[in-house]
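Everything on this sheet refers to the single structure shown next.
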Amino acid sequence: MAHTILLVQPGPKPETRTFSDYESVNECMEAGVCKIYEEHLKRMNPNTPSITYDISQLFDFIDQLADLSCLVYQKSTNTYAPYNKDWIKEKIYILLRRQAAKAN
């Protein structure tokens, strides 16, 4: 459980930057990154009642964002460590793989 700050810049303009914070890395991946993508899908498909996607589509979305990074609290040093898109994709992959294993 490490406090995590999600930094998002969807477009090229700095004014599009936002941040949100979460109690853990997993919460950030699920309630942050995945939810941002799901909201994007809903905006793109407003008349579709149920939307599904696979992880490659989510990763493509992450790649097309101007910037996406996380700051994760490190208790040992009392600082926040920065992580990039590749690290975020790895954490999402692990999270979704665990969820799929629980469902089966």
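Within each chain, counting starts at residue 1; across the structure tokens, chains are named A, B, ... in the order shown, with ligands numbered 1 upward in that order.
Residue neighbourhood of A:Tyr37, excluding near-sequence residues (fewer than 3 positions): A:Val33, A:Cys34, A:His40, A:Leu41, A:Leu58, A:Phe61, at 8 Å, using only C-alpha atoms.
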When you look at A:Pro82 with a cut-off of 8 Å (counting only C-alpha atoms), what residues show up, excluding the ones that are within fewer than 6 positions of it in the same chain? I need them as number ranges by chain. A: 69-72
Which of chain A end up as alpha helix (DSSP H) when DSSP is run on this backbone - answer as a VMD selection string? chain A and resid 25 to 27 35 to 44 55 to 64 85 to 103
Put those residues in a file: C-alpha atoms, as a PDB file, in the first residue's frame.
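And here's part_3.pdb as it stands now:
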```
ATOM      1  CA  VAL A  25      -0.522   1.317  -7.036  1.00  0.00           C
ATOM      2  CA  ASN A  26      -3.270  -1.213  -7.847  1.00  0.00           C
ATOM      3  CA  GLU A  27      -6.011   1.313  -7.083  1.00  0.00           C
ATOM      4  CA  LYS A  35     -11.159   4.062 -15.749  1.00  0.00           C
ATOM      5  CA  ILE A  36      -9.726   6.900 -17.881  1.00  0.00           C
ATOM      6  CA  TYR A  37      -9.686   4.521 -20.853  1.00  0.00           C
ATOM      7  CA  GLU A  38     -13.193   3.242 -20.132  1.00  0.00           C
ATOM      8  CA  GLU A  39     -14.510   6.821 -19.930  1.00  0.00           C
ATOM      9  CA  HIS A  40     -12.787   7.546 -23.252  1.00  0.00           C
ATOM     10  CA  LEU A  41     -14.521   4.507 -24.805  1.00  0.00           C
ATOM     11  CA  LYS A  42     -17.895   5.670 -23.469  1.00  0.00           C
ATOM     12  CA  ARG A  43     -17.398   9.118 -25.024  1.00  0.00           C
ATOM     13  CA  MET A  44     -16.408   7.538 -28.360  1.00  0.00           C
ATOM     14  CA  ILE A  55      -5.250  -5.164 -23.095  1.00  0.00           C
ATOM     15  CA  SER A  56      -3.579  -4.309 -26.423  1.00  0.00           C
ATOM     16  CA  GLN A  57      -6.230  -1.627 -27.051  1.00  0.00           C
ATOM     17  CA  LEU A  58      -5.633  -0.203 -23.566  1.00  0.00           C
ATOM     18  CA  PHE A  59      -1.869  -0.169 -24.179  1.00  0.00           C
ATOM     19  CA  ASP A  60      -2.356   1.602 -27.535  1.00  0.00           C
ATOM     20  CA  PHE A  61      -4.419   4.247 -25.718  1.00  0.00           C
ATOM     21  CA  ILE A  62      -1.674   4.685 -23.110  1.00  0.00           C
ATOM     22  CA  ASP A  63       0.932   5.047 -25.868  1.00  0.00           C
ATOM     23  CA  GLN A  64      -1.042   7.789 -27.632  1.00  0.00           C
ATOM     24  CA  LYS A  85       4.334   4.370 -19.292  1.00  0.00           C
ATOM     25  CA  ASP A  86       6.171   1.045 -19.637  1.00  0.00           C
ATOM     26  CA  TRP A  87       6.104   0.517 -15.868  1.00  0.00           C
ATOM     27  CA  ILE A  88       2.394   1.425 -15.786  1.00  0.00           C
ATOM     28  CA  LYS A  89       1.631  -1.075 -18.572  1.00  0.00           C
ATOM     29  CA  GLU A  90       3.526  -3.801 -16.700  1.00  0.00           C
ATOM     30  CA  LYS A  91       1.555  -3.099 -13.498  1.00  0.00           C
ATOM     31  CA  ILE A  92      -1.747  -3.158 -15.415  1.00  0.00           C
ATOM     32  CA  TYR A  93      -0.799  -6.438 -17.090  1.00  0.00           C
ATOM     33  CA  ILE A  94      -0.043  -8.049 -13.712  1.00  0.00           C
ATOM     34  CA  LEU A  95      -3.263  -6.662 -12.182  1.00  0.00           C
ATOM     35  CA  LEU A  96      -5.488  -7.874 -15.032  1.00  0.00           C
ATOM     36  CA  ARG A  97      -3.777 -11.273 -15.140  1.00  0.00           C
ATOM     37  CA  ARG A  98      -4.478 -11.731 -11.419  1.00  0.00           C
ATOM     38  CA  GLN A  99      -8.116 -10.687 -11.902  1.00  0.00           C
ATOM     39  CA  ALA A 100      -8.509 -13.168 -14.771  1.00  0.00           C
ATOM     40  CA  ALA A 101      -7.011 -15.967 -12.656  1.00  0.00           C
ATOM     41  CA  LYS A 102      -9.481 -15.218  -9.828  1.00  0.00           C
ATOM     42  CA  ALA A 103     -12.402 -15.280 -12.286  1.00  0.00           C
TER      43      ALA A 103
END
```
Please build the interface table for stretch 18-62 of chain A against stretch 7-11 of chain A with a cut-off of 7 Å, listing for each qualifying residue the nearest atom pair and the distance in Å to one decimal; count only C-alpha atoms, order rows by chain and increasing number, and write it as JSON lines.
```
{"residue": "A:Thr18", "atom": "CA", "partner": "A:Val8", "partner_atom": "CA", "distance": 5.4}
{"residue": "A:Phe19", "atom": "CA", "partner": "A:Leu7", "partner_atom": "CA", "distance": 4.5}
{"residue": "A:Ser20", "atom": "CA", "partner": "A:Leu7", "partner_atom": "CA", "distance": 6.9}
```
Keeping only N, CA, C and O atoms, write the selected residues to a file as a tab-separated table (two decimals), in the first residue's frame.
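Result file out22.tsv:
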```tsv
chain	number	residue	atom	x	y	z
A	18	THR	N	-3.49	16.82	-15.81
A	18	THR	CA	-4.25	16.63	-14.58
A	18	THR	C	-3.50	15.65	-13.69
A	18	THR	O	-2.59	14.96	-14.15
A	19	PHE	N	-3.91	15.58	-12.44
A	19	PHE	CA	-3.36	14.56	-11.56
A	19	PHE	C	-4.46	14.05	-10.65
A	19	PHE	O	-5.48	14.71	-10.44
A	20	SER	N	-4.26	12.85	-10.13
A	20	SER	CA	-5.16	12.29	-9.14
A	20	SER	C	-4.32	11.40	-8.23
A	20	SER	O	-3.24	10.95	-8.62
```
